[in-house]
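Here's structure-v5.cif, which has mmCIF, C-alpha atoms:
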data_data
#
loop_
_atom_site.label_atom_id
_atom_site.label_comp_id
_atom_site.auth_asym_id
_atom_site.auth_seq_id
_atom_site.Cartn_x
_atom_site.Cartn_y
_atom_site.Cartn_z
CA MET A 1070 1.94 -73.30 -1.61
CA PRO A 1071 0.48 -70.85 0.94
CA ALA A 1072 -3.04 -69.57 0.46
CA ALA A 1073 -3.40 -66.21 -1.27
CA ASP A 1074 -4.42 -64.46 1.98
CA GLU A 1075 -1.32 -65.88 3.72
CA ILE A 1076 1.15 -64.34 1.26
CA ASP A 1077 3.00 -61.43 2.78
CA GLY A 1078 6.18 -59.52 1.99
CA ASP A 1079 8.73 -60.89 -0.47
CA VAL A 1080 8.26 -64.25 -2.18
CA PHE A 1081 9.88 -66.52 -4.72
CA VAL A 1082 7.74 -67.34 -7.76
CA SER A 1083 7.99 -69.87 -10.56
CA PRO A 1084 7.56 -70.35 -13.45
CA VAL A 1085 8.88 -66.99 -14.55
CA TYR A 1086 6.17 -66.47 -17.16
CA LEU A 1087 3.59 -66.19 -14.35
CA ALA A 1088 5.61 -63.85 -12.12
CA GLY A 1089 4.43 -60.56 -13.58
CA SER A 1090 6.38 -57.34 -13.92
CA THR A 1091 8.66 -55.72 -11.36
CA TYR A 1092 7.98 -52.30 -12.94
CA THR A 1093 11.69 -51.56 -13.19
CA GLY A 1094 14.07 -51.95 -16.12
CA ASP A 1095 17.35 -52.09 -14.18
CA PRO A 1096 18.02 -55.87 -14.37
CA ALA A 1097 17.76 -55.79 -18.17
CA LEU A 1098 19.53 -52.47 -18.68
CA GLN A 1099 22.51 -53.14 -16.41
CA PRO A 1100 24.19 -55.86 -18.52
CA LEU A 1101 24.34 -53.41 -21.44
CA LEU A 1102 25.60 -50.55 -19.31
CA ASP A 1103 28.30 -52.83 -17.93
CA ALA A 1104 29.24 -53.68 -21.53
CA GLY A 1105 29.85 -50.02 -22.36
CA PHE A 1106 26.55 -49.00 -23.95
CA ASN A 1107 25.79 -45.27 -23.94
CA ARG A 1108 22.81 -43.98 -21.97
CA LEU A 1109 20.45 -41.08 -22.56
CA ASP A 1110 17.47 -40.15 -20.34
CA ASP A 1111 14.70 -37.84 -21.47
CA ASP A 1112 12.39 -35.59 -19.43
CA LEU A 1113 9.65 -38.25 -19.40
CA ALA A 1114 11.81 -40.89 -17.64
CA ASN A 1115 12.35 -42.88 -20.84
CA ILE A 1116 15.84 -44.42 -21.14
CA TYR A 1117 17.73 -44.95 -24.40
CA LEU A 1118 20.85 -47.12 -24.73
CA SER A 1119 23.07 -47.51 -27.78
CA SER A 1120 26.14 -49.58 -28.47
CA PRO A 1121 29.37 -47.62 -29.05
CA ASP A 1122 29.10 -48.31 -32.79
CA GLN A 1123 25.42 -47.17 -32.75
CA ARG A 1124 24.22 -50.38 -34.39
CA ILE A 1125 22.27 -51.75 -31.41
CA ARG A 1126 19.67 -49.52 -29.77
CA VAL A 1127 17.53 -50.23 -26.74
CA GLY A 1128 14.62 -48.16 -25.50
CA TRP A 1129 12.95 -48.55 -22.12
CA LEU A 1130 9.84 -46.47 -22.69
CA PRO A 1131 7.39 -46.19 -19.77
CA GLU A 1132 6.07 -43.04 -21.47
CA GLY A 1133 6.20 -44.41 -25.00
CA GLU A 1134 3.54 -44.02 -27.65
CA ASP A 1135 2.24 -47.60 -27.54
CA ASP A 1136 2.13 -50.73 -25.36
CA ALA A 1137 5.78 -51.64 -26.00
CA LEU A 1138 7.82 -50.88 -22.89
CA TRP A 1139 10.95 -52.27 -24.57
CA ARG A 1140 11.97 -51.60 -28.19
CA ILE A 1141 15.29 -53.13 -29.24
CA THR A 1142 16.69 -52.80 -32.77
CA GLY A 1143 19.73 -53.93 -34.74
CA HIS A 1144 21.09 -51.82 -37.62
CA GLU A 1145 23.44 -52.55 -40.51
CA GLN A 1146 24.87 -49.03 -40.17
CA PRO A 1147 24.29 -46.32 -37.55
CA PHE A 1148 21.83 -44.34 -39.71
CA ALA A 1149 20.32 -47.27 -41.61
CA PRO A 1150 16.75 -48.49 -40.98
CA PRO A 1151 16.50 -51.35 -38.48
CA ARG A 1152 17.44 -54.79 -39.70
CA TRP A 1153 15.46 -56.38 -36.88
CA LEU A 1154 13.11 -55.39 -34.06
CA ALA A 1155 12.30 -57.00 -30.71
CA THR A 1156 9.60 -55.70 -28.37
CA PHE A 1157 8.30 -56.54 -24.89
CA ASP A 1158 5.23 -54.95 -23.29
CA HIS A 1159 4.81 -53.42 -19.83
CA TYR A 1160 3.85 -56.67 -18.08
CA THR A 1161 6.69 -58.85 -19.37
CA PRO A 1162 8.79 -60.29 -16.51
CA VAL A 1163 12.06 -58.37 -16.56
CA GLU A 1164 14.04 -61.61 -16.27
CA VAL A 1165 12.80 -62.63 -19.73
CA VAL A 1166 13.97 -59.31 -21.19
CA ALA A 1167 17.27 -59.58 -19.29
CA ALA A 1168 18.00 -62.91 -20.97
CA PHE A 1169 17.80 -61.13 -24.34
CA THR A 1170 19.87 -58.09 -23.30
CA THR A 1171 22.48 -60.21 -21.54
CA ALA A 1172 23.05 -62.13 -24.77
CA LEU A 1173 23.41 -58.77 -26.56
CA ALA A 1174 25.97 -57.66 -23.99
CA GLU A 1175 27.94 -60.87 -24.44
CA ASP A 1176 28.06 -60.29 -28.20
CA HIS A 1177 29.46 -56.82 -27.62
CA ALA A 1178 32.04 -58.17 -25.16
CA HIS A 1179 33.33 -60.52 -27.88
CA SER A 1180 33.50 -57.66 -30.42
CA ASN A 1181 31.58 -59.51 -33.11
CA ASN A 1182 28.66 -58.71 -35.41
CA THR A 1183 26.42 -61.57 -34.33
CA SER A 1184 24.05 -59.19 -32.55
CA VAL A 1185 23.19 -57.67 -35.95
CA HIS A 1186 23.48 -60.58 -38.39
CA GLY A 1187 23.48 -63.65 -36.20
CA HIS A 1188 25.99 -66.46 -36.62
CA LEU A 1189 26.69 -66.27 -40.35
CA GLY A 1190 27.82 -69.51 -41.92
CA GLY A 1191 27.54 -71.41 -38.64
CA ALA A 1192 25.02 -73.76 -37.12
CA LYS A 1193 21.78 -71.99 -36.32
CA ALA A 1194 20.46 -72.16 -32.79
CA GLU A 1195 16.95 -73.59 -32.63
CA PRO A 1196 14.88 -71.35 -30.34
CA LEU A 1197 12.18 -73.96 -29.73
CA LEU A 1198 14.66 -76.63 -28.58
CA PRO A 1199 15.03 -75.37 -24.96
CA LEU A 1200 11.24 -75.44 -24.66
CA ALA A 1201 10.99 -79.00 -25.94
CA GLU A 1202 13.76 -80.10 -23.58
CA ALA A 1203 11.86 -78.55 -20.67
CA GLY A 1204 8.75 -80.58 -21.46
CA TRP A 1205 6.84 -78.03 -23.52
CA ARG A 1206 4.74 -79.35 -26.36
CA VAL A 1207 6.05 -78.26 -29.76
CA ASP A 1208 3.88 -78.62 -32.87
CA HIS A 1209 5.24 -77.80 -36.32
CA GLY A 1210 2.58 -77.03 -38.89
CA PRO A 1211 3.01 -76.00 -42.52
CA HIS A 1212 2.38 -72.34 -41.72
CA LEU A 1213 2.85 -72.04 -37.96
CA SER A 1214 4.96 -73.64 -35.22
CA VAL A 1215 3.46 -73.52 -31.73
CA SER A 1216 4.88 -74.37 -28.31
CA GLN A 1217 3.14 -74.47 -24.92
CA PRO A 1218 4.04 -75.68 -21.41
CA PRO A 1219 1.91 -78.32 -19.66
CA ASP A 1220 -0.13 -75.67 -17.80
CA ARG A 1221 -0.91 -73.94 -21.14
CA LEU A 1222 -0.30 -70.52 -19.57
CA ALA A 1223 2.43 -69.51 -21.99
CA LEU A 1224 2.57 -69.58 -25.77
CA VAL A 1225 5.33 -69.26 -28.35
CA THR A 1226 4.46 -69.05 -32.05
CA ARG A 1227 6.59 -68.81 -35.18
CA ILE A 1228 5.20 -68.04 -38.62
CA ASN A 1229 6.95 -70.38 -41.04
CA GLY A 1230 6.27 -68.38 -44.20
CA ARG A 1231 8.01 -65.26 -45.44
CA LEU A 1232 6.83 -61.89 -44.10
CA ASP A 1233 7.14 -58.41 -45.51
CA HIS A 1234 10.15 -56.72 -43.93
CA HIS A 1235 8.59 -53.25 -43.82
CA GLU A 1236 5.45 -54.58 -42.12
CA GLU A 1237 7.60 -56.25 -39.49
CA ILE A 1238 9.82 -53.26 -38.78
CA SER A 1239 6.74 -51.03 -38.48
CA ASP A 1240 5.46 -53.51 -35.87
CA GLN A 1241 2.44 -54.58 -37.89
CA ARG A 1242 3.42 -58.27 -37.94
CA SER A 1243 6.14 -60.39 -36.36
CA LYS A 1244 7.80 -63.68 -37.17
CA TRP A 1245 7.81 -64.68 -33.48
CA THR A 1246 5.43 -63.99 -30.63
CA VAL A 1247 5.93 -65.06 -27.02
CA SER A 1248 3.36 -64.57 -24.30
CA GLY A 1249 2.55 -65.75 -20.81
CA GLY A 1250 0.09 -65.42 -17.95
CA ALA A 1251 -3.63 -65.91 -17.57
CA SER A 1252 -5.74 -63.79 -19.88
CA GLY A 1253 -6.51 -60.39 -18.43
CA TYR A 1254 -5.19 -56.93 -17.67
CA SER A 1255 -1.69 -56.92 -16.07
CA SER A 1256 -1.52 -60.73 -15.81
CA GLU A 1257 -0.84 -61.43 -19.51
CA TRP A 1258 2.25 -60.18 -21.35
CA LEU A 1259 3.58 -60.22 -24.90
CA GLY A 1260 6.93 -60.11 -26.69
CA THR A 1261 7.75 -60.15 -30.42
CA PHE A 1262 10.76 -60.79 -32.68
CA THR A 1263 11.00 -60.00 -36.38
CA THR A 1264 12.43 -62.38 -38.97
CA ASN A 1265 16.02 -61.09 -38.93
CA THR A 1266 16.35 -61.11 -35.14
CA PRO A 1267 19.46 -63.27 -34.50
CA THR A 1268 18.27 -66.72 -33.48
CA HIS A 1269 20.77 -67.04 -30.63
CA LEU A 1270 19.17 -64.01 -28.96
CA ILE A 1271 15.73 -65.60 -29.27
CA THR A 1272 17.14 -68.90 -27.99
CA ALA A 1273 18.57 -67.16 -24.92
CA THR A 1274 15.12 -65.74 -24.22
CA MET A 1275 13.41 -69.11 -24.64
CA THR A 1276 15.98 -70.77 -22.39
CA ARG A 1277 15.08 -68.40 -19.55
CA LEU A 1278 11.39 -68.80 -20.29
CA ALA A 1279 11.67 -72.56 -19.81
CA ASP A 1280 13.96 -72.35 -16.78
CA PRO A 1281 12.12 -73.44 -13.58
CA ALA A 1282 14.38 -71.29 -11.37
CA PRO A 1283 12.17 -69.01 -9.22
CA VAL A 1284 12.33 -65.22 -9.28
CA ALA A 1285 11.85 -62.77 -6.43
CA ARG A 1286 8.74 -60.61 -6.20
CA TYR A 1287 6.93 -58.44 -3.70
CA LYS A 1288 3.52 -59.95 -3.03
CA ASP A 1289 1.57 -56.97 -4.36
CA HIS A 1290 3.30 -57.33 -7.74
CA LEU A 1291 2.00 -60.86 -8.24
CA PRO A 1292 -0.82 -60.85 -10.83
CA GLU A 1293 -3.95 -62.06 -9.06
CA ARG A 1294 -5.04 -64.30 -11.95
CA ASN A 1295 -1.65 -66.07 -12.06
CA ARG A 1296 -1.35 -66.96 -8.38
CA ALA A 1297 -3.32 -70.20 -8.38
CA ALA A 1298 -1.04 -71.75 -11.03
CA SER A 1299 2.22 -70.34 -9.61
CA ARG A 1300 4.60 -71.98 -7.17
CA ILE A 1301 5.02 -69.37 -4.44
CA THR A 1302 7.45 -69.65 -1.53
CA PRO A 1303 7.82 -66.97 1.16
CA VAL A 1304 11.30 -65.49 1.51
CA LYS A 1305 12.51 -66.38 5.00
CA PRO A 1306 14.72 -63.93 6.93
CA PRO A 1307 18.39 -64.99 6.99
CA VAL A 1308 19.44 -67.21 9.90
CA PRO A 1309 21.87 -65.39 12.25
CA SER A 1310 25.48 -66.53 11.84
CA PRO A 1311 27.71 -67.35 14.85
CA LEU A 1312 29.36 -63.96 14.35
CA ASP A 1313 25.95 -62.22 14.46
CA ILE A 1314 25.14 -64.00 17.73
CA GLN A 1315 28.51 -63.03 19.22
CA ARG A 1316 28.04 -59.38 18.27
CA ALA A 1317 24.56 -59.35 19.83
CA ALA A 1318 25.94 -60.81 23.05
CA VAL A 1319 28.65 -58.14 23.21
CA ALA A 1320 26.08 -55.41 22.61
CA ARG A 1321 23.90 -56.73 25.47
CA SER A 1322 26.96 -56.90 27.70
CA ARG A 1323 27.84 -53.27 27.00
CA SER A 1324 24.26 -52.22 27.65
CA THR A 1325 24.31 -53.88 31.11
CA VAL A 1326 27.61 -52.27 32.06
CA ALA A 1327 26.42 -48.84 30.94
CA LYS A 1328 23.36 -49.07 33.18
CA THR A 1329 25.45 -49.92 36.28
CA VAL A 1330 27.67 -46.85 36.03
CA ILE A 1331 24.91 -44.27 35.52
CA PRO A 1332 24.33 -42.71 38.95
CA SER A 1333 20.88 -41.25 38.35
CA PRO A 1334 18.14 -41.51 35.72
CA ALA A 1335 18.08 -37.72 35.60
CA LEU A 1336 21.57 -37.71 34.08
CA VAL A 1337 20.73 -40.05 31.25
CA TYR A 1338 20.94 -38.26 27.90
CA ARG A 1339 21.13 -41.30 25.63
CA THR A 1340 20.26 -44.95 25.70
CA THR A 1341 21.83 -48.04 24.25
CA THR A 1342 18.40 -49.34 23.31
CA ALA A 1343 17.75 -48.86 19.60
CA LEU A 1344 14.70 -46.90 18.58
CA PRO A 1345 12.07 -48.83 16.56
CA ALA A 1346 12.87 -48.76 12.87
CA SER A 1347 10.23 -47.15 10.71
CA ALA A 1348 8.57 -49.34 8.15
CA SER A 1349 10.12 -48.87 4.75
CA ALA A 1350 7.84 -47.67 1.98
CA ARG A 1351 7.21 -50.12 -0.78
CA HIS A 1352 6.62 -49.15 -4.38
CA ARG A 1353 4.00 -51.03 -6.10
#

Rewrite the structure of this file - the entire thing - as structure tokens.
Amino acid sequence: MPAADEIDGDVFVSPVYLAGSTYTGDPALQPLLDAGFNRLDDDLANIYLSSPDQRIRVGWLPEGEDDALWRITGHEQPFAPPRWLATFDHYTPVEVVAAFTTALAEDHAHSNNTSVHGHLGGAKAEPLLPLAEAGWRVDHGPHLSVSQPPDRLALVTRINGRLDHHEEISDQRSKWTVSGGASGYSSEWLGTFTTNTPTHLITATMTRLADPAPVARYKDHLPERNRAASRITPVKPPVPSPLDIQRAAVARSRSTVAKTVIPSPALVYRTTTALPASASARHR
């Protein structure tokens, strides 16, 4: 892994729970928009999505009232109180959220109710199983189940006892918590799921959490405290293809011919030499 002062431009980072936020919601919103969810934007740049039947609602809330950037709810009926609530804070890697919303979009594509009630009468998905298969330690206690990766920089907990539904929906307590990153501002993130959150949606999230596949980041978005434990690989520019090389040769050829037919420099009004491209602005 390159030293911190050698990192420049775009990089690939793994594991995902150390990658930090991209400060954009598009990768997690797009699967739902593609599935036909309705979109509403307010004057504060918050975005609200709802399923056509109004039973699944997603809020991306950069100007929300608390630390939850994402608030996702499932409802028995359009005007009923939420049956379940999932939240992710501002520093959660968007790929983790996208795993959850992609599973929601797939439910909608199959026109079933599993995104509200889960798989009724069927085998329940075990959310901690993908973590165990990826080498995470899983400990089941009488009151709490806990899972951590070998580097101990992520944590998944599940309360095994019954919780009060109203306390959960009001975001006072949660059946599940998932977190990652070294302790500190902007490097640590948190997500929660209430008791009735369909287990296959949680399992989809845990599967991505345990996946070693790297994610793309701009170097300035990498949390400083997470860099030492991350696997970071610079993104190399693409290698020119034979067609690219041929086109470049033709362009040089045309440039040479053009210079030979120009009688005098005073008559030159344009040049075949490209002007330097201005550096593109990057958003932190």

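Picked by the PyMOL selection byres ((chain A and resi 1099) around 12) from the coordinates shown: Thr1093, Gly1094, Asp1095, Pro1096, Ala1097, Leu1098, Pro1100, Leu1101, Leu1102, Asp1103, Ala1104, Gly1105, Phe1106, Asn1107, Arg1108, Ile1116, Leu1118, Val1127, Val1163, Glu1164, Val1166, Ala1167, Ala1168, Thr1170, Thr1171, Leu1173 and Ala1174 of chain A.
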
Practice item. Just give me the gap between CA of Tyr1092 (chain A) and CA of Leu1197 (chain A) in Å, one decimal is fine. Key: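 Computed distance, CA of Tyr1092 (chain A) to CA of Leu1197 (chain A), equals 27.7 Å.
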
Review point. Of the residues A:Arg1126, A:Arg1277, A:Lys1305, A:His1177, which is the one nearest to His1144 (chain A), using all atoms listed in the file?
Key: A:Arg1126

Please enclose the listed atoms of region 1221-1237 of chain A in an axis-aligned box, pad each side by 6 Å, and write out the centre and the three edge lengths in Å, rounded to one decimal, as AutoDock Vina command-line options.
--center_x 4.6 --center_y -63.6 --center_z -32.5 --size_x 23.1 --size_y 32.7 --size_z 37.9

**Study point:** Pairwise distance for CA of Thr1263 (chain A) and CA of Ala1172 (chain A), rounded to one decimal in Å
**Key:**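 Distance reported for this atom pair: 16.9 Å.
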
Exercise for review: Evaluate the PyMOL selection byres ((chain A and resi 1226) around 10) here and jot the selected residues down as JSON, numbers by chain.
Suggested key: {"A": [1197, 1207, 1208, 1209, 1213, 1214, 1215, 1216, 1217, 1224, 1225, 1227, 1228, 1229, 1243, 1244, 1245, 1246, 1247, 1248, 1261]}

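Each of A:Phe1081, A:Tyr1117, A:Tyr1287, A:Trp1258 was compared to Ala1137 (chain A) using only C-alpha atoms, and A:Trp1258 turns out to be the nearest.
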
Point to revise | Atom-to-atom span, CA of Leu1087 (chain A) and CA of Pro1303 (chain A), Å | key: 16.1 Å

**Study point:** Residues returned when the PyMOL selection byres ((chain A and resi 1232-1237) around 9) runs on this file, as a list in words
**Key:** Arg1152, Trp1153, Leu1154, Ile1228, Gly1230, Arg1231, Ile1238, Ser1239, Asp1240, Gln1241, Arg1242, Ser1243, Lys1244, Phe1262, Thr1263, Thr1264 and Asn1265 of chain A

Practice item. For Trp1205 (chain A), work out the shell of residues within 12 Å, counting all atoms listed in the file and skipping chain neighbours fewer than 5 positions away, then give it as a list of chain:residue names. Key: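 Near neighbours after the sequence-gap exclusion: A:Leu1197, A:Leu1198, A:Pro1199, A:Leu1200, A:Val1215, A:Ser1216, A:Gln1217, A:Pro1218, A:Pro1219, A:Asp1220, A:Arg1221, A:Leu1222, A:Ala1223, A:Leu1224, A:Val1225, A:Met1275, A:Thr1276, A:Leu1278, A:Ala1279, A:Asp1280.
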
For the selection just defined, write its residues with C-alpha atoms to a file, as a PDB file, in the coordinates of the input.
ATOM      1  CA  LEU A1197      12.180 -73.960 -29.730  1.00  0.00           C
ATOM      2  CA  LEU A1198      14.660 -76.630 -28.580  1.00  0.00           C
ATOM      3  CA  PRO A1199      15.030 -75.370 -24.960  1.00  0.00           C
ATOM      4  CA  LEU A1200      11.240 -75.440 -24.660  1.00  0.00           C
ATOM      5  CA  VAL A1215       3.460 -73.520 -31.730  1.00  0.00           C
ATOM      6  CA  SER A1216       4.880 -74.370 -28.310  1.00  0.00           C
ATOM      7  CA  GLN A1217       3.140 -74.470 -24.920  1.00  0.00           C
ATOM      8  CA  PRO A1218       4.040 -75.680 -21.410  1.00  0.00           C
ATOM      9  CA  PRO A1219       1.910 -78.320 -19.660  1.00  0.00           C
ATOM     10  CA  ASP A1220      -0.130 -75.670 -17.800  1.00  0.00           C
ATOM     11  CA  ARG A1221      -0.910 -73.940 -21.140  1.00  0.00           C
ATOM     12  CA  LEU A1222      -0.300 -70.520 -19.570  1.00  0.00           C
ATOM     13  CA  ALA A1223       2.430 -69.510 -21.990  1.00  0.00           C
ATOM     14  CA  LEU A1224       2.570 -69.580 -25.770  1.00  0.00           C
ATOM     15  CA  VAL A1225       5.330 -69.260 -28.350  1.00  0.00           C
ATOM     16  CA  MET A1275      13.410 -69.110 -24.640  1.00  0.00           C
ATOM     17  CA  THR A1276      15.980 -70.770 -22.390  1.00  0.00           C
ATOM     18  CA  LEU A1278      11.390 -68.800 -20.290  1.00  0.00           C
ATOM     19  CA  ALA A1279      11.670 -72.560 -19.810  1.00  0.00           C
ATOM     20  CA  ASP A1280      13.960 -72.350 -16.780  1.00  0.00           C
TER      21      ASP A1280
END

Check your understanding: Out of A:Glu1175, A:Asp1111, A:Glu1293, A:Glu1132, which residue has the shortest atom-to-atom distance to Leu1270 (chain A) when counting all atoms listed in the file?
Key -> A:Glu1175

Exercise for review: Using only C-alpha atoms, find the one residue out of A:Val1080, A:Ala1297, A:Leu1109, A:Ala1203 that sits nearest to Pro1281 (chain A).
Suggested key: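 Using only C-alpha atoms, the shortest distance to Pro1281 (chain A) belongs to A:Ala1203.
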
Check your understanding: Quick one: residues within 9 Å of Gln1123 (chain A), all atoms listed in the file counted, chain neighbours fewer than 5 positions away excluded, as a PyMOL selection string?
Key -> chain A and resi 1144+1146-1148

Check your understanding: Looking at all atoms listed in the file, which of A:Thr1142, A:Asn1295, A:Ser1120, A:Asn1115 is the one that sits closest to Tyr1254 (chain A)?
Key ->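 The closest residue to Tyr1254 (chain A) is A:Asn1295.
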
Exercise for review: Can you work out which one of A:Ala1273, A:Asp1176, A:Ala1201, A:Asp1110 has the shortest atom-to-atom distance to His1188 (chain A), counting only C-alpha atoms?
Suggested key: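 The answer is A:Asp1176, which sits nearest to His1188 (chain A).
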